[in-house]
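Next up, entry.tsv (TSV, C-alpha atoms):
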chain	number	residue	atom	x	y	z
L	1	LEU	CA	0.00	0.00	0.00
L	2	GLU	CA	1.29	3.44	-0.83
L	3	TYR	CA	1.06	4.64	2.78
L	4	VAL	CA	3.18	1.76	4.09
L	5	ASP	CA	6.84	2.54	4.61
L	6	ALA	CA	8.54	-0.70	3.55
L	7	ASP	CA	11.65	0.36	5.45
L	8	ALA	CA	9.84	-0.01	8.78
L	9	VAL	CA	7.38	-2.86	9.25
L	10	GLY	CA	5.94	-4.09	12.50
L	11	MET	CA	3.50	-6.84	13.33
L	12	TRP	CA	1.34	-7.78	16.24
L	13	GLY	CA	-0.97	-10.62	16.96
L	14	LEU	CA	-3.09	-12.27	19.60
L	15	SER	CA	-3.25	-16.04	20.12
L	16	TYR	CA	-2.48	-17.56	16.70
L	17	GLY	CA	-1.35	-14.09	15.66
L	18	GLY	CA	1.00	-14.04	18.65
L	19	TYR	CA	2.35	-17.41	17.54
L	20	ALA	CA	2.83	-16.00	14.03
L	21	ALA	CA	4.68	-12.97	15.42
L	22	LEU	CA	6.99	-15.23	17.44
L	23	GLN	CA	7.57	-17.58	14.50
L	24	LEU	CA	8.06	-14.97	11.79
L	25	LEU	CA	10.48	-12.84	13.80
L	26	GLY	CA	12.75	-15.91	13.86
L	27	THR	CA	12.10	-17.41	10.42
L	28	HIS	CA	12.09	-14.08	8.54
L	29	PRO	CA	14.23	-11.89	10.82
L	30	GLN	CA	14.88	-9.16	8.28
L	31	SER	CA	11.21	-8.71	7.33
L	32	PHE	CA	9.98	-7.08	10.53
L	33	ASP	CA	11.45	-4.27	12.62
L	34	VAL	CA	9.41	-5.11	15.73
L	35	ALA	CA	6.91	-7.76	16.79
L	36	ILE	CA	4.22	-7.87	19.44
L	37	ASN	CA	3.06	-11.20	20.87
L	38	LEU	CA	-0.11	-11.44	22.90
L	39	ALA	CA	-0.71	-14.92	24.33
L	40	GLY	CA	1.09	-16.75	21.54
L	41	LEU	CA	2.58	-20.24	21.51
L	42	ALA	CA	6.36	-20.44	21.80
L	43	ASP	CA	6.63	-24.24	21.95
L	44	LEU	CA	4.03	-26.48	20.34
L	45	GLU	CA	5.01	-29.60	22.25
L	46	LEU	CA	4.77	-27.77	25.58
L	47	TYR	CA	1.31	-26.57	24.52
L	48	ARG	CA	0.30	-30.04	23.36
L	49	ASP	CA	1.17	-31.57	26.72
L	50	TRP	CA	-0.61	-28.82	28.67
L	51	ALA	CA	-3.72	-28.92	26.47
L	52	GLU	CA	-3.95	-32.69	26.70
L	53	GLU	CA	-3.82	-32.48	30.51
L	54	THR	CA	-6.05	-29.47	31.05
L	55	LYS	CA	-8.47	-29.40	28.12
L	56	TYR	CA	-9.11	-32.55	26.17
L	57	PRO	CA	-7.06	-34.73	23.82
L	58	ALA	CA	-8.99	-33.59	20.75
L	59	ALA	CA	-7.60	-30.09	21.30
L	60	VAL	CA	-4.21	-31.26	20.11
L	61	SER	CA	-5.12	-33.90	17.55
L	62	SER	CA	-5.37	-31.36	14.72
L	63	MET	CA	-1.82	-30.22	15.44
L	64	ALA	CA	-0.59	-33.79	15.06
L	65	VAL	CA	-2.45	-34.14	11.78
L	66	ARG	CA	-0.98	-30.90	10.40
L	67	LEU	CA	2.53	-31.77	11.53
L	68	GLY	CA	2.56	-35.35	10.27
L	69	GLY	CA	2.17	-37.09	13.60
L	70	GLU	CA	2.79	-36.71	17.30
L	71	PRO	CA	6.06	-35.12	18.47
L	72	TRP	CA	7.73	-38.53	18.82
L	73	GLU	CA	6.61	-39.45	15.27
L	74	ALA	CA	7.55	-36.19	13.53
L	75	PRO	CA	10.06	-34.43	15.79
L	76	LYS	CA	11.59	-32.25	13.04
L	77	ALA	CA	8.19	-30.90	11.99
L	78	TRP	CA	7.26	-30.05	15.58
L	79	GLU	CA	10.65	-28.45	16.15
L	80	GLN	CA	10.49	-26.29	13.01
L	81	ALA	CA	6.90	-25.24	13.77
L	82	SER	CA	7.86	-24.05	17.27
L	83	PRO	CA	9.08	-20.45	17.53
L	84	VAL	CA	11.49	-21.33	20.36
L	85	THR	CA	13.59	-23.14	17.75
L	86	HIS	CA	14.14	-19.85	15.92
L	87	PHE	CA	14.70	-17.44	18.83
L	88	LYS	CA	18.44	-17.46	18.11
L	89	ASN	CA	17.69	-15.79	14.75
L	90	TYR	CA	15.90	-12.77	16.21
L	91	GLU	CA	17.40	-9.51	15.00
L	92	ASN	CA	14.68	-7.12	16.10
L	93	PRO	CA	12.74	-6.43	19.30
L	94	LEU	CA	9.89	-8.51	20.65
L	95	TYR	CA	7.26	-7.34	23.12
L	96	SER	CA	5.12	-10.00	24.80
L	97	PHE	CA	2.01	-9.88	26.98
L	98	HIS	CA	0.11	-12.75	28.59
L	99	GLY	CA	-2.53	-13.22	31.27
L	100	THR	CA	-1.78	-15.74	34.00
L	101	GLY	CA	-5.42	-16.87	34.08
L	102	ASP	CA	-5.43	-17.83	30.39
L	103	ARG	CA	-7.31	-21.13	29.90
L	104	TYR	CA	-6.64	-21.31	26.13
L	105	VAL	CA	-2.87	-20.87	25.99
L	106	ASN	CA	-0.76	-21.67	29.03
L	107	PHE	CA	1.14	-18.64	30.27
L	108	GLU	CA	4.18	-20.90	30.68
L	109	GLN	CA	4.63	-20.22	26.97
L	110	LEU	CA	5.78	-16.73	27.96
L	111	ASP	CA	7.93	-18.18	30.76
L	112	LEU	CA	9.72	-20.29	28.17
L	113	ALA	CA	10.15	-17.36	25.77
L	114	VAL	CA	11.57	-15.14	28.50
L	115	ASP	CA	13.99	-17.83	29.70
L	116	GLU	CA	15.18	-18.67	26.20
L	117	LEU	CA	15.48	-15.08	25.01
L	118	LEU	CA	17.53	-14.13	28.06
L	119	GLU	CA	20.14	-16.52	26.64
L	120	THR	CA	20.32	-14.54	23.37
L	121	ASP	CA	21.16	-10.97	22.41
L	122	ALA	CA	17.57	-10.38	21.28
L	123	ALA	CA	15.90	-7.25	22.60
L	124	HIS	CA	12.67	-8.14	24.30
L	125	GLU	CA	10.22	-6.89	26.87
L	126	TRP	CA	7.42	-8.81	28.49
L	127	GLU	CA	4.57	-8.32	30.87
L	128	TYR	CA	2.37	-10.76	32.74
L	129	TYR	CA	-1.13	-9.76	33.73
L	130	PRO	CA	-2.17	-11.57	36.94
L	131	ASP	CA	-5.43	-13.49	36.60
L	132	GLU	CA	-6.19	-12.04	33.15
L	133	ASN	CA	-7.69	-14.40	30.61
L	134	HIS	CA	-6.81	-15.09	26.99
L	135	LEU	CA	-8.48	-11.97	25.58
L	136	PHE	CA	-7.94	-9.76	28.66
L	137	SER	CA	-11.22	-8.90	30.35
L	138	ASN	CA	-10.07	-5.79	32.20
L	139	ARG	CA	-10.26	-2.53	30.25
L	140	LYS	CA	-7.20	-1.18	32.10
L	141	THR	CA	-5.18	-4.17	30.88
L	142	TRP	CA	-6.08	-3.38	27.27
L	143	GLU	CA	-5.31	0.30	27.77
L	144	ARG	CA	-1.90	-0.52	29.23
L	145	THR	CA	-1.18	-3.04	26.48
L	146	PHE	CA	-2.16	-0.69	23.67
L	147	GLU	CA	-0.05	2.10	25.20
L	148	LYS	CA	2.93	-0.26	25.22
L	149	ILE	CA	2.24	-1.39	21.64
L	150	GLU	CA	1.93	2.22	20.47
L	151	THR	CA	5.20	3.12	22.22
L	152	ALA	CA	6.96	0.11	20.70
L	153	PHE	CA	5.75	1.01	17.20
L	154	ASP	CA	6.66	4.68	17.66
L	155	THR	CA	10.12	3.69	18.90
L	156	HIS	CA	10.94	1.15	16.20
L	157	LEU	CA	8.93	2.27	13.17
L	158	ARG	CA	9.28	6.05	13.06
Go ahead and render the structure in this file as structure tokens.
Amino acid sequence: LEYVDADAVGMWGLSYGGYAALQLLGTHPQSFDVAINLAGLADLELYRDWAEETKYPAAVSSMAVRLGGEPWEAPKAWEQASPVTHFKNYENPLYSFHGTGDRYVNFEQLDLAVDELLETDAAHEWEYYPDENHLFSNRKTWERTFEKIETAFDTHLR
């Protein structure tokens, strides 16, 4: 689009969009100048195990179908589909937000991202929202999150 400055591109996403932000920042590191992850998956196998225990086995069966089998049957596919595999490739900043009361995506996904990214030179900031759910139910949480997103985009895209 004519109003898009191709020299500065950011992305943000919630849930699957958060997963996409985490994945693309590592698999296409030169394509995005900043990424925002809200409640995204960092490790598909970690999610699979959590979902099978806390939700129901059918919640993860579609992942196995898409990836050619369970993690022990198609380990390379699961590894390549997990953003954590690509964190070492990050060249640009990541901002992450997750509610600790999320029943759709375990907030340990953010724990893993934080731990792994601390081992790299990647610039990243994160924030946990105590007891918030997957889509954040508190207006103040959204206001805070959007302020942080706006600041991140102003800092890295202008």
Correct to one decimal, the distance atom CA of Asp33 of chain L-atom CA of Tyr16 of chain L is 19.7 Å
All residues 12 Å or closer to Ile36 of chain L, only C-alpha atoms, same chain fewer than 3 positions away omitted, as a PyMOL selection string | chain L and resi 9-15+17-25+32-33+39-40+92-98+124-127+145-146+148-153+156
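Atom CA of Thr100 of chain L lies 6.0 Å from atom CA of Tyr129 of chain L.
Residue neighbourhood of Tyr47 of chain L, excluding near-sequence residues (fewer than 2 positions): L:Leu41, L:Ala42, L:Asp43, L:Leu44, L:Glu45, L:Asp49, L:Trp50, L:Ala51, L:Glu52, L:Glu53, L:Val60, L:Tyr104, L:Val105, L:Asn106, L:Phe107, L:Glu108, L:Gln109, at 10 Å, using only C-alpha atoms.
Counting from atom CA of Glu70 of chain L, the distance to atom CA of Lys88 of chain L is 24.8 Å.
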Using all atoms listed in the file, the residue out of L:Asp115, L:Thr27, L:Arg139, L:Leu46 with shortest distance to Gln80 of chain L is L:Thr27
* Asked: For the point (-10.2, -14.9, 26.8) in file coordinates, what residues are within 9 Å, counting only C-alpha atoms? Give the answer as an NGL selection string?
  -> :L and (101-104 or 132-137)
For segment 86-97 of chain L, supply all heavy atoms and report the output as a short mmCIF file (atom, residue, chain, number, x, y, z; two decimals), in the coordinates of the input.
data_model
loop_
_atom_site.label_atom_id
_atom_site.label_comp_id
_atom_site.auth_asym_id
_atom_site.auth_seq_id
_atom_site.Cartn_x
_atom_site.Cartn_y
_atom_site.Cartn_z
N HIS L 86 13.61 -20.93 16.76
CA HIS L 86 14.14 -19.85 15.92
C HIS L 86 14.50 -18.59 16.70
O HIS L 86 14.90 -17.59 16.10
CB HIS L 86 13.12 -19.51 14.82
CG HIS L 86 12.64 -20.72 14.09
ND1 HIS L 86 13.43 -21.42 13.21
CD2 HIS L 86 11.47 -21.39 14.16
CE1 HIS L 86 12.75 -22.45 12.75
NE2 HIS L 86 11.56 -22.46 13.31
N PHE L 87 14.39 -18.63 18.03
CA PHE L 87 14.70 -17.44 18.83
C PHE L 87 16.12 -16.94 18.58
O PHE L 87 16.38 -15.75 18.61
CB PHE L 87 14.52 -17.71 20.31
CG PHE L 87 13.08 -17.76 20.78
CD1 PHE L 87 12.78 -18.24 22.04
CD2 PHE L 87 12.04 -17.32 19.99
CE1 PHE L 87 11.48 -18.29 22.49
CE2 PHE L 87 10.73 -17.37 20.43
CZ PHE L 87 10.45 -17.85 21.69
N LYS L 88 17.04 -17.84 18.31
CA LYS L 88 18.44 -17.46 18.11
C LYS L 88 18.61 -16.58 16.86
O LYS L 88 19.62 -15.91 16.70
CB LYS L 88 19.32 -18.69 18.01
CG LYS L 88 19.01 -19.57 16.81
CD LYS L 88 19.76 -20.89 16.86
CE LYS L 88 19.37 -21.84 15.78
NZ LYS L 88 17.97 -22.27 15.78
N ASN L 89 17.62 -16.58 15.98
CA ASN L 89 17.69 -15.79 14.75
C ASN L 89 17.11 -14.39 14.90
O ASN L 89 17.18 -13.60 13.96
CB ASN L 89 16.93 -16.51 13.63
CG ASN L 89 17.51 -17.87 13.32
OD1 ASN L 89 18.71 -18.10 13.49
ND2 ASN L 89 16.67 -18.78 12.90
N TYR L 90 16.52 -14.09 16.03
CA TYR L 90 15.90 -12.77 16.21
C TYR L 90 16.92 -11.66 16.03
O TYR L 90 18.00 -11.70 16.61
CB TYR L 90 15.29 -12.64 17.60
CG TYR L 90 13.93 -13.28 17.79
CD1 TYR L 90 13.46 -14.30 16.97
CD2 TYR L 90 13.10 -12.86 18.81
CE1 TYR L 90 12.23 -14.88 17.16
CE2 TYR L 90 11.86 -13.43 19.01
CZ TYR L 90 11.43 -14.44 18.19
OH TYR L 90 10.20 -15.00 18.40
N GLU L 91 16.56 -10.69 15.22
CA GLU L 91 17.40 -9.51 15.00
C GLU L 91 16.73 -8.24 15.51
O GLU L 91 17.39 -7.23 15.65
CB GLU L 91 17.71 -9.36 13.51
CG GLU L 91 18.54 -10.49 12.95
CD GLU L 91 18.81 -10.37 11.46
OE1 GLU L 91 18.37 -9.36 10.84
OE2 GLU L 91 19.44 -11.27 10.91
N ASN L 92 15.43 -8.31 15.72
CA ASN L 92 14.68 -7.12 16.10
C ASN L 92 13.85 -7.38 17.36
O ASN L 92 13.62 -8.53 17.74
CB ASN L 92 13.80 -6.67 14.93
CG ASN L 92 14.66 -6.14 13.80
OD1 ASN L 92 15.48 -5.25 14.00
ND2 ASN L 92 14.53 -6.71 12.61
N PRO L 93 13.39 -6.30 18.00
CA PRO L 93 12.74 -6.43 19.30
C PRO L 93 11.40 -7.17 19.28
O PRO L 93 10.65 -7.10 18.30
CB PRO L 93 12.51 -4.99 19.75
CG PRO L 93 13.29 -4.14 18.83
CD PRO L 93 13.55 -4.92 17.59
N LEU L 94 11.14 -7.81 20.40
CA LEU L 94 9.89 -8.51 20.65
C LEU L 94 9.30 -7.98 21.95
O LEU L 94 10.01 -7.84 22.94
CB LEU L 94 10.13 -10.01 20.78
CG LEU L 94 8.95 -10.83 21.30
CD1 LEU L 94 7.84 -10.89 20.26
CD2 LEU L 94 9.40 -12.23 21.70
N TYR L 95 8.01 -7.72 21.93
CA TYR L 95 7.26 -7.34 23.12
C TYR L 95 6.18 -8.40 23.32
O TYR L 95 5.47 -8.73 22.37
CB TYR L 95 6.61 -5.96 22.94
CG TYR L 95 7.60 -4.84 22.82
CD1 TYR L 95 8.29 -4.62 21.62
CD2 TYR L 95 7.87 -4.00 23.89
CE1 TYR L 95 9.22 -3.59 21.51
CE2 TYR L 95 8.80 -2.97 23.78
CZ TYR L 95 9.46 -2.78 22.59
OH TYR L 95 10.37 -1.76 22.48
N SER L 96 6.08 -8.93 24.53
CA SER L 96 5.12 -10.00 24.80
C SER L 96 4.26 -9.68 26.01
O SER L 96 4.74 -9.13 27.00
CB SER L 96 5.86 -11.32 25.06
OG SER L 96 6.50 -11.79 23.90
N PHE L 97 2.99 -10.10 25.92
CA PHE L 97 2.01 -9.88 26.98
C PHE L 97 1.17 -11.15 27.12
O PHE L 97 0.77 -11.74 26.12
CB PHE L 97 1.10 -8.69 26.63
CG PHE L 97 1.85 -7.46 26.25
CD1 PHE L 97 2.16 -7.19 24.92
CD2 PHE L 97 2.28 -6.57 27.22
CE1 PHE L 97 2.88 -6.06 24.57
CE2 PHE L 97 3.00 -5.43 26.87
CZ PHE L 97 3.30 -5.17 25.54
#
